[in-house]
Amino acid sequence: MVGTSQELFDYIAMKLAEFVNKESDNYHHPAGRQRELGFTFSFPVMQLSIASGTLMRWTKGFSIDDMVGQDVVAELTQAMKRKGIDMRVSALVNDTVGTLAKGRYDNKDVAIAVILGTGTNAAYVEQANAVPKWHGSPPKSGDMVINTEWGNFKSSHLALTEYDNALDVDSLNPGEQTFEKMTSGMYLGEILRRVLYRMANEAALFGETVPPKLKMPFVLRTPEMAEMHHDVSPDLSVVGSILEDTLEISKTSPMTRRVTVAVCNIIVTRAASLAAAGILGILKKIGRDIAKDEETQKTVIAVDGGLYEHYIKYRECLEKTLKELLGDQSRHIELVHSNDGSGIGAALLGASHSKY
Ligand code: GLC
């Protein structure tokens with residue numbers, strides 16, 4: 001995540017080579033035909049063609065300065081050459097766009113794709129004539145895919161707390177990805193740590209001394225937070241053992257454990273509600289937020305990412321909030337989990353842009 005672009009792309013090329021070497025004997029690649037790749041790259045890119053694009057900025061804790069402004073496909077192509085891999089990238093695809101492609105391939109009612117994982121973002125199908133940035137001739141379908149990069153959304157209506165502000169200042173990308181920092185998996189555990197730290201300092205939540213590990217940024221990860229939040233044991237023993245294992249806080253009282261779970265709940269309720277609000281925003285943009293008549297078209301939203309997949313309470317809160325926001329129209333809106341949609345969708349787009 002931190003280093004040079006050559007190191008990053010050599011690593012990716014090495015993993016690709018390992019993958020190709022593991023290909024089963026049942027698969028025989030046609031002789032003389034180059035392998036083609038759909039390349040999922042989950043960062044903001046200025047993309048002017050299907051198989052090239054320059055990195056605009058890093059997000060999600062990546063920091064490889066020499067890469068910004070460079071063509072990520074060219075970098076990968078060079079790395080593959082260095083490793084002796086005979087392959088070409090036929091499509092460069094953001095993970096949201098991959099998820100949208102896979103979702104749409106399975107079900108024509110899919111119009112929006114959302115990633116809720118380490119980061120968050122959404123893509124949707126827009127009418128091409130509603131896209132002022134587009135200057136070429138209109139696409140045959142009349143539609144165009146928009147990658148919103150909503151993780152970078154910021155507004156005075158987003159009520160930031162002192163924890164959000166402090167997390168932002170300490171991050172590698174201060175002032176950027178505000179919505180993502182309130183909503184996605186990379187940050188929820190860290191917000192929890194910051195709240196618990198203040199409660200330890202000001203209200204002796206963990207006793208007279210403040211547990212030293214609680215000072216370490218990112219020591220509490222969102223998967224552990226989810227485990228605590230999902231604890232259904234009568235004495236919250238899972239919460240107790242996670243606090244012990246990750247923060248070296250032993251013998252926590254039942255009250256301390258309950259408070260910890262309550263804080264998890266507050267942070268996740270906010271995050272999932274914001275994600276639901278983002279989805280409603282896109283539904284409004286494409287006029288699918290209000291039921292038109294009995295024939296109202298169904299709208300399916302394909303969702304991928306570890307946060308959505310594993311943090312059940314997050315997912316439940318997202319679904320509940322979206323339902324509330326939509327009222328009657330919620331009958332026509334459906335969220336589906338698109339498992340590895342981003343990877344499979346990139347493969348589909350890579351195949352459909354094959355040169356063979
Ligand atoms: C970050 C990236 C975005 C990606 C999202 C989900 O927000 O900037 O491109 O889609 O994470 O992985």
# chains A, B, ... in the order shown; residues from 1 in each chain; ligands from 1
>>> select_by_dssp(residues="segment 192-309 of chain A", states="strand (DSSP E)", output="list in words")
Thr299, Val300, Ile301, Ala302, Val303 and Asp304 of chain A
>>> residues_around(residues="Val72 of chain A", least_positions_apart="6", cutoff="9 Å", atoms="only C-alpha atoms", output="number ranges by chain")
A: 9, 41, 45, 52-55, 92
>>> residues_around(residues="segment 128-139 of chain A", least_positions_apart="6", cutoff="12 Å", atoms="only C-alpha atoms", output="JSON, numbers by chain")
{"A": [48, 145, 146, 147, 285, 286]}
>>> residues_near_ligand(ligand="ligand 1", cutoff="10 Å", atoms="only C-alpha atoms and all ligand atoms", output="short mmCIF file (atom, residue, chain, number, x, y, z; two decimals) with all heavy atoms, in the first residue's frame")
data_model
loop_
_atom_site.label_atom_id
_atom_site.label_comp_id
_atom_site.auth_asym_id
_atom_site.auth_seq_id
_atom_site.Cartn_x
_atom_site.Cartn_y
_atom_site.Cartn_z
N THR A 40 -9.75 -5.08 -12.69
CA THR A 40 -10.50 -4.28 -11.71
C THR A 40 -9.52 -3.40 -10.95
O THR A 40 -8.61 -3.92 -10.30
CB THR A 40 -11.20 -5.19 -10.67
OG1 THR A 40 -11.97 -6.16 -11.37
CG2 THR A 40 -12.10 -4.38 -9.76
N PHE A 41 -9.71 -2.12 -11.02
CA PHE A 41 -8.84 -1.20 -10.28
C PHE A 41 -9.74 -0.27 -9.48
O PHE A 41 -10.43 0.58 -10.05
CB PHE A 41 -7.96 -0.42 -11.29
CG PHE A 41 -6.89 0.40 -10.63
CD1 PHE A 41 -5.78 -0.20 -10.05
CD2 PHE A 41 -6.99 1.79 -10.59
CE1 PHE A 41 -4.79 0.56 -9.42
CE2 PHE A 41 -6.00 2.55 -9.97
CZ PHE A 41 -4.90 1.94 -9.40
N SER A 42 -9.75 -0.45 -8.16
CA SER A 42 -10.79 0.18 -7.33
C SER A 42 -10.35 1.52 -6.76
O SER A 42 -10.35 1.73 -5.54
CB SER A 42 -11.18 -0.77 -6.21
OG SER A 42 -11.50 -2.03 -6.74
N PHE A 43 -9.97 2.41 -7.67
CA PHE A 43 -9.55 3.76 -7.28
C PHE A 43 -10.03 4.73 -8.36
O PHE A 43 -10.33 4.32 -9.47
CB PHE A 43 -8.01 3.80 -7.14
CG PHE A 43 -7.50 2.87 -6.08
CD1 PHE A 43 -7.09 1.58 -6.41
CD2 PHE A 43 -7.48 3.24 -4.75
CE1 PHE A 43 -6.67 0.70 -5.43
CE2 PHE A 43 -7.05 2.36 -3.76
CZ PHE A 43 -6.64 1.09 -4.10
N PRO A 44 -10.05 6.03 -8.03
CA PRO A 44 -10.54 6.99 -9.03
C PRO A 44 -9.56 7.14 -10.20
O PRO A 44 -8.37 7.37 -9.98
CB PRO A 44 -10.63 8.31 -8.26
CG PRO A 44 -10.36 8.00 -6.84
CD PRO A 44 -9.70 6.69 -6.77
N VAL A 45 -10.08 6.98 -11.39
CA VAL A 45 -9.25 7.00 -12.59
C VAL A 45 -9.87 7.96 -13.61
O VAL A 45 -11.09 8.02 -13.73
CB VAL A 45 -9.16 5.56 -13.16
CG1 VAL A 45 -8.77 5.55 -14.62
CG2 VAL A 45 -8.19 4.72 -12.34
N LEU A 55 -4.44 7.38 -12.89
CA LEU A 55 -4.86 7.45 -11.49
C LEU A 55 -5.01 8.92 -11.08
O LEU A 55 -4.08 9.71 -11.24
CB LEU A 55 -3.82 6.75 -10.61
CG LEU A 55 -4.08 6.85 -9.10
CD1 LEU A 55 -5.36 6.11 -8.73
CD2 LEU A 55 -2.90 6.29 -8.31
N MET A 56 -6.18 9.26 -10.53
CA MET A 56 -6.39 10.65 -10.10
C MET A 56 -5.84 10.87 -8.69
O MET A 56 -5.19 11.86 -8.41
CB MET A 56 -7.89 10.98 -10.14
CG MET A 56 -8.44 10.94 -11.56
SD MET A 56 -10.23 10.91 -11.61
CE MET A 56 -10.62 12.57 -11.13
N ARG A 57 -6.15 9.97 -7.80
CA ARG A 57 -5.62 10.06 -6.43
C ARG A 57 -5.82 8.71 -5.78
O ARG A 57 -6.68 7.93 -6.18
CB ARG A 57 -6.35 11.15 -5.62
CG ARG A 57 -7.82 10.91 -5.53
CD ARG A 57 -8.61 11.92 -4.73
NE ARG A 57 -9.98 11.45 -4.65
CZ ARG A 57 -10.89 11.62 -5.60
NH1 ARG A 57 -10.59 12.31 -6.69
NH2 ARG A 57 -12.11 11.13 -5.48
N TRP A 58 -5.01 8.43 -4.76
CA TRP A 58 -5.20 7.19 -4.00
C TRP A 58 -6.29 7.41 -2.95
O TRP A 58 -6.51 8.54 -2.50
CB TRP A 58 -3.91 6.78 -3.31
CG TRP A 58 -2.88 6.22 -4.22
CD1 TRP A 58 -1.68 6.81 -4.54
CD2 TRP A 58 -2.92 4.97 -4.92
NE1 TRP A 58 -0.99 6.00 -5.42
CE2 TRP A 58 -1.71 4.87 -5.66
CE3 TRP A 58 -3.84 3.93 -5.02
CZ2 TRP A 58 -1.41 3.77 -6.46
CZ3 TRP A 58 -3.55 2.83 -5.81
CH2 TRP A 58 -2.35 2.76 -6.53
N THR A 59 -6.91 6.31 -2.54
CA THR A 59 -7.88 6.34 -1.44
C THR A 59 -7.58 5.12 -0.56
O THR A 59 -6.69 4.33 -0.87
CB THR A 59 -9.34 6.26 -1.97
OG1 THR A 59 -9.45 5.12 -2.84
CG2 THR A 59 -9.72 7.51 -2.76
N LYS A 60 -8.31 4.98 0.52
CA LYS A 60 -8.28 3.77 1.36
C LYS A 60 -6.89 3.42 1.90
O LYS A 60 -6.52 2.24 1.98
CB LYS A 60 -8.84 2.57 0.58
CG LYS A 60 -10.26 2.77 0.10
CD LYS A 60 -10.78 1.60 -0.70
CE LYS A 60 -10.25 1.55 -2.10
NZ LYS A 60 -10.96 0.63 -2.99
N GLY A 61 -6.10 4.41 2.22
CA GLY A 61 -4.82 4.15 2.87
C GLY A 61 -3.68 3.81 1.93
O GLY A 61 -2.56 3.54 2.38
N VAL A 93 -11.54 -1.55 -15.35
CA VAL A 93 -12.89 -1.47 -14.79
C VAL A 93 -12.84 -1.11 -13.31
O VAL A 93 -12.16 -1.77 -12.53
CB VAL A 93 -13.59 -2.85 -14.94
CG1 VAL A 93 -15.02 -2.81 -14.44
CG2 VAL A 93 -13.56 -3.33 -16.39
N ASN A 94 -13.56 -0.09 -12.93
CA ASN A 94 -13.73 0.19 -11.49
C ASN A 94 -14.58 -0.94 -10.88
O ASN A 94 -15.43 -1.52 -11.56
CB ASN A 94 -14.40 1.56 -11.30
CG ASN A 94 -14.52 1.93 -9.83
OD1 ASN A 94 -15.56 1.74 -9.21
ND2 ASN A 94 -13.45 2.42 -9.25
N ASP A 95 -14.37 -1.22 -9.59
CA ASP A 95 -15.13 -2.34 -9.00
C ASP A 95 -16.64 -2.14 -9.05
O ASP A 95 -17.40 -3.10 -9.23
CB ASP A 95 -14.65 -2.66 -7.56
CG ASP A 95 -14.62 -1.46 -6.64
OD1 ASP A 95 -14.88 -0.33 -7.09
OD2 ASP A 95 -14.32 -1.66 -5.43
N THR A 96 -17.09 -0.88 -8.93
CA THR A 96 -18.54 -0.65 -9.01
C THR A 96 -19.07 -0.96 -10.41
O THR A 96 -20.16 -1.50 -10.56
CB THR A 96 -18.88 0.82 -8.69
OG1 THR A 96 -18.07 1.66 -9.53
CG2 THR A 96 -18.61 1.16 -7.25
N VAL A 97 -18.27 -0.61 -11.41
CA VAL A 97 -18.68 -0.83 -12.80
C VAL A 97 -18.70 -2.34 -13.09
O VAL A 97 -19.61 -2.85 -13.76
CB VAL A 97 -17.76 -0.06 -13.77
CG1 VAL A 97 -18.15 -0.34 -15.21
CG2 VAL A 97 -17.82 1.43 -13.48
N GLY A 98 -17.71 -3.06 -12.55
CA GLY A 98 -17.70 -4.52 -12.68
C GLY A 98 -18.94 -5.13 -12.04
O GLY A 98 -19.61 -5.99 -12.62
N THR A 99 -19.27 -4.66 -10.85
CA THR A 99 -20.44 -5.19 -10.14
C THR A 99 -21.72 -4.89 -10.91
O THR A 99 -22.63 -5.72 -10.99
CB THR A 99 -20.50 -4.58 -8.72
OG1 THR A 99 -19.27 -4.87 -8.07
CG2 THR A 99 -21.65 -5.14 -7.91
N VAL A 114 -23.42 -1.01 -5.90
CA VAL A 114 -22.84 -0.34 -4.74
C VAL A 114 -21.75 -1.23 -4.15
O VAL A 114 -21.93 -2.44 -4.04
CB VAL A 114 -23.93 -0.06 -3.67
CG1 VAL A 114 -23.33 0.54 -2.41
CG2 VAL A 114 -25.00 0.86 -4.23
N ILE A 115 -20.62 -0.63 -3.80
CA ILE A 115 -19.60 -1.36 -3.06
C ILE A 115 -19.62 -0.86 -1.62
O ILE A 115 -19.54 0.34 -1.37
CB ILE A 115 -18.18 -1.13 -3.64
CG1 ILE A 115 -18.09 -1.60 -5.10
CG2 ILE A 115 -17.12 -1.82 -2.78
CD1 ILE A 115 -18.09 -3.09 -5.32
N LEU A 116 -19.74 -1.81 -0.69
CA LEU A 116 -19.60 -1.50 0.73
C LEU A 116 -18.55 -2.46 1.26
O LEU A 116 -18.86 -3.60 1.62
CB LEU A 116 -20.94 -1.66 1.45
CG LEU A 116 -22.02 -0.65 1.03
CD1 LEU A 116 -23.40 -1.10 1.48
CD2 LEU A 116 -21.69 0.74 1.58
N GLY A 117 -17.33 -2.02 1.24
CA GLY A 117 -16.23 -2.87 1.67
C GLY A 117 -15.24 -2.01 2.42
O GLY A 117 -15.63 -1.20 3.26
N THR A 118 -13.96 -2.17 2.09
CA THR A 118 -12.93 -1.31 2.67
C THR A 118 -13.30 0.16 2.40
O THR A 118 -13.21 1.01 3.27
CB THR A 118 -11.57 -1.62 2.01
OG1 THR A 118 -11.36 -3.02 2.09
CG2 THR A 118 -10.45 -0.88 2.67
N GLY A 119 -13.68 0.41 1.16
CA GLY A 119 -14.17 1.74 0.79
C GLY A 119 -15.62 1.64 0.37
O GLY A 119 -16.24 0.58 0.48
N THR A 120 -16.16 2.74 -0.11
CA THR A 120 -17.53 2.68 -0.64
C THR A 120 -17.65 3.53 -1.90
O THR A 120 -16.98 4.56 -2.03
CB THR A 120 -18.58 3.11 0.41
OG1 THR A 120 -19.88 2.95 -0.17
CG2 THR A 120 -18.41 4.56 0.84
N ASN A 121 -18.52 3.07 -2.80
CA ASN A 121 -18.71 3.77 -4.06
C ASN A 121 -19.96 3.18 -4.73
O ASN A 121 -20.44 2.12 -4.35
CB ASN A 121 -17.48 3.59 -4.95
CG ASN A 121 -17.48 4.47 -6.19
OD1 ASN A 121 -18.31 5.37 -6.32
ND2 ASN A 121 -16.57 4.20 -7.11
N ALA A 122 -20.47 3.90 -5.74
CA ALA A 122 -21.61 3.39 -6.49
C ALA A 122 -21.51 3.79 -7.95
O ALA A 122 -20.93 4.83 -8.28
CB ALA A 122 -22.91 3.97 -5.90
N ALA A 123 -22.04 2.95 -8.81
CA ALA A 123 -22.14 3.25 -10.23
C ALA A 123 -23.57 2.96 -10.66
O ALA A 123 -24.26 2.15 -10.03
CB ALA A 123 -21.17 2.38 -11.03
N ASN A 147 -19.66 6.21 -12.95
CA ASN A 147 -19.01 5.86 -11.69
C ASN A 147 -19.03 7.12 -10.84
O ASN A 147 -18.34 8.09 -11.13
CB ASN A 147 -17.58 5.39 -11.96
CG ASN A 147 -16.75 5.32 -10.67
OD1 ASN A 147 -17.29 5.43 -9.57
ND2 ASN A 147 -15.45 5.16 -10.82
N THR A 148 -19.84 7.12 -9.78
CA THR A 148 -20.05 8.37 -9.03
C THR A 148 -18.88 8.75 -8.13
O THR A 148 -18.75 9.91 -7.78
CB THR A 148 -21.30 8.27 -8.12
OG1 THR A 148 -21.04 7.28 -7.12
CG2 THR A 148 -22.54 7.92 -8.91
N GLU A 149 -18.05 7.76 -7.71
CA GLU A 149 -17.02 8.03 -6.68
C GLU A 149 -17.66 8.74 -5.47
O GLU A 149 -17.12 9.70 -4.94
CB GLU A 149 -15.84 8.83 -7.24
CG GLU A 149 -14.92 8.05 -8.16
CD GLU A 149 -14.12 6.95 -7.44
OE1 GLU A 149 -13.83 7.06 -6.22
OE2 GLU A 149 -13.80 5.94 -8.13
N TRP A 150 -18.79 8.20 -5.03
CA TRP A 150 -19.51 8.89 -3.95
C TRP A 150 -18.73 8.91 -2.62
O TRP A 150 -19.07 9.68 -1.72
CB TRP A 150 -20.93 8.38 -3.81
CG TRP A 150 -21.16 7.08 -3.05
CD1 TRP A 150 -20.28 6.38 -2.28
CD2 TRP A 150 -22.41 6.37 -2.98
NE1 TRP A 150 -20.88 5.26 -1.75
CE2 TRP A 150 -22.19 5.23 -2.15
CE3 TRP A 150 -23.67 6.56 -3.52
CZ2 TRP A 150 -23.18 4.29 -1.87
CZ3 TRP A 150 -24.66 5.63 -3.23
CH2 TRP A 150 -24.42 4.51 -2.42
N GLY A 151 -17.73 8.06 -2.51
CA GLY A 151 -16.90 8.09 -1.30
C GLY A 151 -16.31 9.47 -1.04
O GLY A 151 -16.03 9.84 0.09
N ASN A 152 -16.15 10.24 -2.10
CA ASN A 152 -15.56 11.58 -1.97
C ASN A 152 -16.62 12.66 -1.76
O ASN A 152 -16.32 13.84 -1.81
CB ASN A 152 -14.74 11.89 -3.23
CG ASN A 152 -13.70 12.97 -2.96
OD1 ASN A 152 -13.28 13.18 -1.83
ND2 ASN A 152 -13.29 13.67 -4.00
N PHE A 153 -17.86 12.24 -1.54
CA PHE A 153 -18.93 13.21 -1.32
C PHE A 153 -18.70 13.97 -0.01
O PHE A 153 -18.30 13.38 1.00
CB PHE A 153 -20.28 12.49 -1.27
CG PHE A 153 -21.45 13.38 -0.97
CD1 PHE A 153 -21.87 14.34 -1.88
CD2 PHE A 153 -22.13 13.28 0.24
CE1 PHE A 153 -22.95 15.16 -1.60
CE2 PHE A 153 -23.21 14.10 0.53
CZ PHE A 153 -23.62 15.04 -0.39
N GLN A 177 -12.54 12.03 0.63
CA GLN A 177 -13.30 10.81 0.93
C GLN A 177 -14.10 10.93 2.24
O GLN A 177 -14.13 10.00 3.05
CB GLN A 177 -12.36 9.59 0.98
CG GLN A 177 -11.54 9.35 -0.28
CD GLN A 177 -12.36 9.01 -1.52
OE1 GLN A 177 -12.42 9.80 -2.46
NE2 GLN A 177 -13.00 7.87 -1.54
N PHE A 179 -17.39 11.06 2.90
CA PHE A 179 -18.50 10.10 3.02
C PHE A 179 -17.96 8.69 3.30
O PHE A 179 -18.48 7.96 4.14
CB PHE A 179 -19.31 10.14 1.71
CG PHE A 179 -20.56 9.31 1.69
CD1 PHE A 179 -21.69 9.70 2.38
CD2 PHE A 179 -20.62 8.13 0.94
CE1 PHE A 179 -22.86 8.94 2.33
CE2 PHE A 179 -21.78 7.37 0.90
CZ PHE A 179 -22.90 7.78 1.60
N GLU A 180 -16.89 8.35 2.58
CA GLU A 180 -16.27 7.02 2.76
C GLU A 180 -15.78 6.82 4.19
O GLU A 180 -15.90 5.73 4.77
CB GLU A 180 -15.10 6.89 1.79
CG GLU A 180 -14.33 5.59 1.85
CD GLU A 180 -13.56 5.36 0.55
OE1 GLU A 180 -14.16 4.80 -0.38
OE2 GLU A 180 -12.38 5.73 0.46
N LYS A 181 -15.23 7.89 4.77
CA LYS A 181 -14.68 7.77 6.12
C LYS A 181 -15.77 7.60 7.18
O LYS A 181 -15.50 7.17 8.29
CB LYS A 181 -13.80 9.00 6.44
CG LYS A 181 -12.45 8.96 5.71
CD LYS A 181 -11.68 10.25 5.83
CE LYS A 181 -10.34 10.14 5.08
NZ LYS A 181 -9.76 11.45 4.79
N SER A 184 -17.58 3.38 5.50
CA SER A 184 -17.02 2.12 4.99
C SER A 184 -16.13 1.37 5.99
O SER A 184 -15.72 1.90 7.02
CB SER A 184 -16.26 2.38 3.70
OG SER A 184 -15.01 2.96 3.99
N MET A 186 -13.09 0.31 6.21
CA MET A 186 -11.74 0.67 6.66
C MET A 186 -11.79 1.53 7.93
O MET A 186 -10.87 1.50 8.74
CB MET A 186 -11.02 1.43 5.54
CG MET A 186 -9.68 1.95 6.00
SD MET A 186 -8.60 2.31 4.65
CE MET A 186 -7.26 3.05 5.58
N ASP A 304 -21.84 -5.38 -3.48
CA ASP A 304 -20.71 -6.27 -3.20
C ASP A 304 -19.81 -5.61 -2.15
O ASP A 304 -19.89 -4.40 -1.93
CB ASP A 304 -19.92 -6.55 -4.50
CG ASP A 304 -19.00 -7.76 -4.36
OD1 ASP A 304 -19.10 -8.50 -3.35
OD2 ASP A 304 -18.17 -7.97 -5.27
N GLY A 305 -18.98 -6.41 -1.53
CA GLY A 305 -18.04 -5.88 -0.54
C GLY A 305 -18.19 -6.57 0.80
O GLY A 305 -19.29 -6.97 1.19
N SER A 342 -17.47 -7.60 -8.74
CA SER A 342 -16.48 -6.71 -9.33
C SER A 342 -15.47 -7.49 -10.16
O SER A 342 -15.08 -7.05 -11.25
CB SER A 342 -15.78 -5.87 -8.26
OG SER A 342 -15.20 -6.69 -7.29
#
>>> closest_residue(among="A:Thr260, A:Ser352, A:Ser273, A:Asn339", to="Leu325 of chain A", atoms="only C-alpha atoms")
A:Ser273
>>> atom_distance(atom1="atom CA of Thr252 of chain A", atom2="atom CA of Arg270 of chain A")
26.2 Å
>>> select_by_dssp(residues="segment 49-155 of chain A", states="alpha helix (DSSP H)", output="list in words")
Val72, Val73, Ala74, Glu75, Leu76, Thr77, Gln78, Ala79, Met80, Lys81, Arg82, Asp95, Thr96, Val97, Gly98, Thr99, Leu100, Ala101, Lys102, Gly103, Arg104, Tyr105 and Asp106 of chain A
>>> residues_around(residues="Gln34 of chain A", least_positions_apart="6", cutoff="10 Å", atoms="only C-alpha atoms", output="JSON list (two decimals) with C-alpha atoms, in the first residue's frame")
[["chain", "number", "residue", "atom", "x", "y", "z"],
["A", 85, "ILE", "CA", 3.56, -13.02, -18.84],
["A", 86, "ASP", "CA", 2.00, -12.89, -22.30],
["A", 87, "MET", "CA", -1.25, -11.11, -21.52],
["A", 88, "ARG", "CA", -3.01, -7.89, -22.44],
["A", 355, "LYS", "CA", -9.64, -8.52, -29.90],
["A", 356, "TYR", "CA", -10.31, -12.07, -31.10]]
>>> closest_atom_pairs(of="segment 193-241 of chain A", to="segment 170-173 of chain A", cutoff="12 Å", atoms="only C-alpha atoms", output="JSON lines")
{"residue": "A:Arg194", "atom": "CA", "partner": "A:Asp170", "partner_atom": "CA", "distance": 11.8}
{"residue": "A:Pro217", "atom": "CA", "partner": "A:Asp170", "partner_atom": "CA", "distance": 9.1}
{"residue": "A:Phe218", "atom": "CA", "partner": "A:Ser171", "partner_atom": "CA", "distance": 10.8}
>>> residues_around(residues="Ser253 of chain A", least_positions_apart="2", cutoff="12 Å", atoms="only C-alpha atoms", output="number ranges by chain")
A: 205-207, 235-237, 239-241, 243, 249-251, 255-260
>>> atom_distance(atom1="atom CA of Gln127 of chain A", atom2="atom CA of Asp109 of chain A")
15.1 Å
>>> residues_around(residues="Gly350 of chain A", least_positions_apart="5", cutoff="8 Å", atoms="only C-alpha atoms", output="list in words")
Glu36, Leu37, Gly38, Phe39, Val89, Ser90, Ala91 and Leu92 of chain A
>>> residues_around(residues="Val268 of chain A", least_positions_apart="2", cutoff="8 Å", atoms="only C-alpha atoms", output="ChimeraX atom specification")
/A:188,264-266,270-272,313-314
>>> closest_residue(among="A:Ile267, A:His353, A:Pro211, A:Glu126", to="Thr183 of chain A", atoms="only C-alpha atoms")
A:Ile267
